[in-house]
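Structure, as structure tokens:
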There are 2 protein chains.
Amino acid sequence: MNHAPDCAARLLAAARALFARRGYDGTSVRAITAKAKANLGAVTYHFGSKEALYHKVIESITEPFVDRVAAAAAGAGAPLDRIEAIVRTVFEQMERHPEMPALIIRVLASERRMPPPAARTMQRNIRALSETIRAGQRDGSIRTGDPILLSMSVVAQPLHLALTGRLLEQGLGLDRHDPATRARLVRHVVETVRAALARQPKAPS
Amino acid sequence: MNHAPDCAARLLAAARALFARRGYDGTSVRAITAKAKANLGAVTYHFGSKEALYHKVIESITEPFVDRVAAAAAGAGAPLDRIEAIVRTVFEQMERHPEMPALIIRVLASERRMPPPAARTMQRNIRALSETIRAGQRDGSIRTGDPILLSMSVVAQPLHLALTGRLLEQGLGLDRHDPATRARLVRHVVETVRAALARQPKAPS
DNA sequence: GGCGCCATCATACAAACGTATGAATCACGC
DNA sequence: GCGTGATTCATACGTTTGTATGATGGCGCC
């Protein structure tokens, strides 16, 4: 008896969590409906199929994200500062949706056709980043290098750090839910990204 | 009729490829045996179970790798050079086993217990890296920061770039099988890692 | 009250899954 | 040639899977 409102929303939340932890194939419709306290037929009813639910999950995470990244890239300030703002936006998004790194990275690792919302998000984010990098290269604050490759190197930092959280807990005794720890990780990534991109003065040789 | 030798080796190769592309749950024993031209019962006979085969796959990729990373870390040269050597070792391993990034990353993303060989590899690689980074911090060539976090930032680069190969092909028209392209990617990551780690002289303010 | 629409439910179904198992074949040594 | 162990094979089995579908109840409108 599921009389609580928003069955579809509960399914979406359950699916988000389970697809992130177990992957698409490792998550059954029954596991999703059990977690959402919904009936087995609810997935077909509300979404049409398991795959359509999966696409909706990806979309629910990525769509709001794109605008935030674009806003950070379009903000005021030097290119390196704007890239820092983008990185902080990524961290905020991961805090809002802790499943995001695993979901995105599973999409990247899979031979399955990429869900359109994920593909759009990646393209737009990489474009926002690489254009900001180009601006920095033009004004001399960012080193030379391929802007798209540099963009990917930037995005790799927060995503992989989120994925390796388990190792961090064991290796450093960190508590991922501790705000001070989170701030430390953000600081680390921001410093690393800035160091990786900043143009250095010519070495006197 | 499978009279060809090394049925177990064929299963291992087929499983390696399929686990990387489809993940553990998305790969059926029947798909593996079909690809290996072996009988359905062969997996249970040679490995005991699908899961044991999976562990063997992970082990077959990671075990030789650890020694190579340790050798690169123990080599002669400045810490930054040794870190570059480690990065090149990672790329060589990925060239030898193109499935490696996807396999490793799926392990990281999964809620499933980490296969012991993968856990050992990661610990040892991170240790080799972070000790090299500490040496660089002691001699002043590498900037301050947590060595383990810095190690993870280093490893994220080649892995992520390998995973996003599809996007690179679309965004840059790159052919991943082209040696010149590979060299370009290696150069990019090496430069990025060195830039991210190198200690900068104090800015005159 | 009846109707239509929506949402929930329980169940059925065909297909797929990993494992188990006994039979058959092969390879090797004596 | 025989015996033994290893390997391959075909099949069975219980379980799980995603989808389909008809029944039922709730709600709003006429």
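To be explicit about the labels: the chains of the structure tokens are called A, B, and onward in the order shown, and within each one the residues are counted from 1, while ligands get numbers from 1 in the order they are shown.
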
Give me, as a VMD selection string, all polymer residues having an atom no more than 8 Å from segment 18-20 of chain D, counting only C-alpha atoms (C1' of nucleotides) and skipping those fewer than 2 positions away in the same chain. chain A and resid 29 44 49 to 50

Find the residues around DT16 of chain D up to 12 Å (only C-alpha atoms (C1' of nucleotides) counted), leave out those fewer than 3 positions away in its own chain, and share them as a short mmCIF file (atom, residue, chain, number, x, y, z; two decimals) with N, CA, C and O atoms (P, O5', C5', C4', C3', O3' and C1' of nucleotides), in the first residue's frame.
```cif
data_model
loop_
_atom_site.label_atom_id
_atom_site.label_comp_id
_atom_site.auth_asym_id
_atom_site.auth_seq_id
_atom_site.Cartn_x
_atom_site.Cartn_y
_atom_site.Cartn_z
N GLY A 26 23.70 -4.45 -12.38
CA GLY A 26 23.70 -5.02 -11.04
C GLY A 26 22.52 -4.57 -10.21
O GLY A 26 22.38 -4.98 -9.06
N THR A 27 21.71 -3.70 -10.79
CA THR A 27 20.53 -3.20 -10.07
C THR A 27 19.27 -3.76 -10.73
O THR A 27 19.03 -3.50 -11.90
N SER A 28 18.49 -4.48 -9.96
CA SER A 28 17.25 -5.01 -10.53
C SER A 28 16.09 -4.06 -10.27
O SER A 28 16.12 -3.26 -9.33
N VAL A 29 15.08 -4.16 -11.10
CA VAL A 29 13.89 -3.35 -10.91
C VAL A 29 13.25 -3.66 -9.56
O VAL A 29 12.76 -2.77 -8.86
N ARG A 30 13.29 -4.90 -9.15
CA ARG A 30 12.76 -5.27 -7.85
C ARG A 30 13.51 -4.62 -6.68
O ARG A 30 12.90 -4.25 -5.69
N ALA A 31 14.82 -4.49 -6.84
CA ALA A 31 15.59 -3.82 -5.78
C ALA A 31 15.19 -2.34 -5.69
O ALA A 31 15.04 -1.78 -4.60
P DA C 15 11.15 -17.05 -25.08
"O5'" DA C 15 12.40 -16.42 -24.35
"C5'" DA C 15 12.44 -15.00 -24.16
"C4'" DA C 15 13.51 -14.66 -23.16
"C3'" DA C 15 14.83 -15.41 -23.39
"O3'" DA C 15 15.85 -14.45 -23.57
"C1'" DA C 15 14.17 -15.53 -21.10
P DA C 16 17.33 -14.89 -23.95
"O5'" DA C 16 18.10 -14.74 -22.56
"C5'" DA C 16 17.94 -13.55 -21.81
"C4'" DA C 16 18.52 -13.76 -20.43
"C3'" DA C 16 19.89 -14.45 -20.45
"O3'" DA C 16 20.82 -13.59 -19.83
"C1'" DA C 16 18.43 -15.45 -18.86
P DC C 17 22.34 -14.01 -19.77
"O5'" DC C 17 22.45 -14.59 -18.30
"C5'" DC C 17 22.10 -13.75 -17.20
"C4'" DC C 17 22.17 -14.56 -15.93
"C3'" DC C 17 23.41 -15.44 -15.86
"O3'" DC C 17 24.44 -14.77 -15.15
"C1'" DC C 17 21.42 -16.57 -15.09
P DG C 18 25.91 -15.39 -15.22
"O5'" DG C 18 25.93 -16.40 -13.99
"C5'" DG C 18 25.69 -15.89 -12.67
"C4'" DG C 18 25.74 -17.03 -11.68
"C3'" DG C 18 27.06 -17.81 -11.69
"O3'" DG C 18 27.37 -18.18 -10.35
"C1'" DG C 18 25.28 -19.26 -12.29
#
```

Would you give me, as JSON, numbers by chain, the residues in segment 22-193 of chain A that DSSP reads as helix (DSSP H, G or I)? {"A": [22, 29, 30, 31, 32, 33, 34, 35, 42, 43, 44, 45, 46, 47, 50, 51, 52, 53, 54, 55, 56, 57, 58, 59, 60, 61, 62, 63, 64, 65, 66, 67, 68, 69, 70, 71, 72, 73, 74, 79, 80, 81, 82, 83, 84, 85, 86, 87, 88, 89, 90, 91, 92, 93, 94, 95, 96, 100, 101, 102, 103, 104, 105, 106, 107, 108, 109, 116, 117, 118, 119, 120, 121, 122, 123, 124, 125, 126, 127, 128, 129, 130, 131, 132, 133, 134, 135, 136, 137, 138, 139, 147, 148, 149, 150, 151, 152, 153, 154, 155, 156, 157, 158, 159, 160, 161, 162, 163, 165, 166, 167, 168, 169, 170, 171, 172, 179, 180, 181, 182, 183, 184, 185, 186, 187, 188, 189, 190, 191, 192, 193]}

Could you save those same residues with C-alpha atoms as a compact mmCIF listing (two decimals), in the first residue's frame?
```txt
# COMPACT_ATOMS: atom_id res chain seq x y z
CA ARG A 22 25.73 -1.45 -8.25
CA VAL A 29 13.89 -3.35 -10.91
CA ARG A 30 12.76 -5.27 -7.85
CA ALA A 31 15.59 -3.82 -5.78
CA ILE A 32 14.60 -0.32 -6.87
CA THR A 33 10.93 -0.81 -6.15
CA ALA A 34 11.66 -2.41 -2.80
CA LYS A 35 13.84 0.52 -1.79
CA ALA A 42 5.51 1.07 -11.02
CA VAL A 43 8.69 1.39 -13.02
CA THR A 44 6.99 0.40 -16.25
CA TYR A 45 4.02 2.56 -15.43
CA HIS A 46 5.88 5.77 -14.55
CA PHE A 47 8.94 5.45 -16.77
CA LYS A 50 14.27 0.20 -16.61
CA GLU A 51 16.43 1.82 -19.23
CA ALA A 52 14.19 4.87 -19.46
CA LEU A 53 14.41 5.20 -15.68
CA TYR A 54 18.18 5.04 -15.92
CA HIS A 55 18.22 7.83 -18.48
CA LYS A 56 15.96 9.90 -16.27
CA VAL A 57 18.30 9.36 -13.36
CA ILE A 58 21.25 10.59 -15.38
CA GLU A 59 19.27 13.55 -16.59
CA SER A 60 18.10 14.47 -13.08
CA ILE A 61 21.69 14.79 -11.99
CA THR A 62 23.26 16.39 -15.00
CA GLU A 63 20.75 18.92 -16.25
CA PRO A 64 20.89 21.39 -13.34
CA PHE A 65 24.64 20.95 -13.22
CA VAL A 66 25.35 22.27 -16.69
CA ASP A 67 23.88 25.68 -16.02
CA ARG A 68 25.86 26.04 -12.82
CA VAL A 69 29.12 25.22 -14.59
CA ALA A 70 28.31 27.63 -17.38
CA ALA A 71 27.52 30.34 -14.84
CA ALA A 72 30.82 29.78 -13.06
CA ALA A 73 32.68 29.92 -16.35
CA ALA A 74 30.91 33.13 -17.35
CA PRO A 79 40.44 32.70 -16.04
CA LEU A 80 42.23 30.78 -13.27
CA ASP A 81 39.72 32.09 -10.77
CA ARG A 82 36.86 31.08 -12.99
CA ILE A 83 38.30 27.61 -13.33
CA GLU A 84 38.53 27.47 -9.58
CA ALA A 85 34.89 28.48 -9.44
CA ILE A 86 34.04 25.64 -11.82
CA VAL A 87 35.91 23.18 -9.63
CA ARG A 88 34.03 24.39 -6.58
CA THR A 89 30.81 24.01 -8.51
CA VAL A 90 31.71 20.40 -9.23
CA PHE A 91 32.30 19.81 -5.54
CA GLU A 92 29.00 21.41 -4.63
CA GLN A 93 27.23 19.21 -7.11
CA MET A 94 28.92 16.13 -5.69
CA GLU A 95 27.87 17.15 -2.22
CA ARG A 96 24.30 17.58 -3.37
CA MET A 100 27.22 11.57 -9.19
CA PRO A 101 30.86 10.55 -9.60
CA ALA A 102 30.07 6.86 -9.66
CA LEU A 103 27.20 7.36 -12.10
CA ILE A 104 29.23 9.51 -14.47
CA ILE A 105 32.26 7.30 -14.38
CA ARG A 106 30.24 4.17 -14.93
CA VAL A 107 28.81 5.85 -18.01
CA LEU A 108 32.34 6.53 -19.23
CA ALA A 109 33.52 3.00 -18.58
CA PRO A 116 22.05 11.56 -24.33
CA PRO A 117 21.80 13.73 -21.22
CA ALA A 118 25.23 12.55 -20.09
CA ALA A 119 26.75 13.19 -23.49
CA ARG A 120 25.32 16.70 -23.64
CA THR A 121 26.50 17.52 -20.15
CA MET A 122 30.02 16.42 -20.83
CA GLN A 123 30.27 18.30 -24.07
CA ARG A 124 28.96 21.50 -22.59
CA ASN A 125 31.08 21.28 -19.47
CA ILE A 126 34.22 20.54 -21.43
CA ARG A 127 33.40 23.43 -23.75
CA ALA A 128 32.90 25.85 -20.84
CA LEU A 129 36.17 24.72 -19.29
CA SER A 130 38.23 24.69 -22.45
CA GLU A 131 37.04 28.14 -23.48
CA THR A 132 38.02 29.48 -20.09
CA ILE A 133 41.41 27.85 -20.47
CA ARG A 134 41.83 29.39 -23.88
CA ALA A 135 41.06 32.81 -22.41
CA GLY A 136 43.78 32.20 -19.84
CA GLN A 137 46.19 31.14 -22.54
CA ARG A 138 45.46 34.31 -24.46
CA ASP A 139 46.04 36.56 -21.47
CA PRO A 147 42.55 23.14 -23.92
CA ILE A 148 40.39 20.05 -24.24
CA LEU A 149 43.02 17.76 -22.79
CA LEU A 150 43.63 20.27 -20.00
CA SER A 151 39.90 20.42 -19.32
CA MET A 152 39.76 16.69 -18.91
CA SER A 153 42.68 16.75 -16.55
CA VAL A 154 40.81 19.32 -14.49
CA VAL A 155 37.62 17.29 -14.33
CA ALA A 156 39.53 14.13 -13.45
CA GLN A 157 40.55 15.56 -10.08
CA PRO A 158 37.26 15.89 -8.23
CA LEU A 159 35.68 12.86 -9.86
CA HIS A 160 38.42 10.41 -9.04
CA LEU A 161 38.99 11.75 -5.59
CA ALA A 162 35.33 11.12 -4.89
CA LEU A 163 35.65 7.59 -6.22
CA GLY A 165 37.03 7.97 -0.97
CA ARG A 166 37.16 4.46 0.40
CA LEU A 167 40.93 4.39 0.06
CA LEU A 168 41.19 7.80 1.65
CA GLU A 169 39.32 6.58 4.65
CA GLN A 170 41.67 3.68 5.08
CA GLY A 171 44.89 5.44 4.14
CA LEU A 172 44.40 8.71 5.97
CA PRO A 179 33.01 19.27 6.73
CA ALA A 180 36.63 20.01 7.63
CA THR A 181 37.72 16.99 5.59
CA ARG A 182 35.62 18.11 2.69
CA ALA A 183 37.14 21.56 2.83
CA ARG A 184 40.58 19.97 2.85
CA LEU A 185 39.82 17.93 -0.26
CA VAL A 186 38.43 20.99 -2.05
CA ARG A 187 41.52 22.96 -1.15
CA HIS A 188 43.77 20.17 -2.36
CA VAL A 189 42.04 19.93 -5.73
CA VAL A 190 41.88 23.69 -6.21
CA GLU A 191 45.60 24.04 -5.48
CA THR A 192 46.44 21.12 -7.71
CA VAL A 193 44.38 22.41 -10.61
```

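Distance criterion 12 Å to chain B, applied with only C-alpha atoms (C1' of nucleotides), yields DA6, DT7, DT8, DC9, DA10 and DT11 of chain D on chain D.
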
From B:Ala36, B:Pro98, B:His177, B:Asp146, residue lying nearest chain A [only C-alpha atoms]: B:Asp146
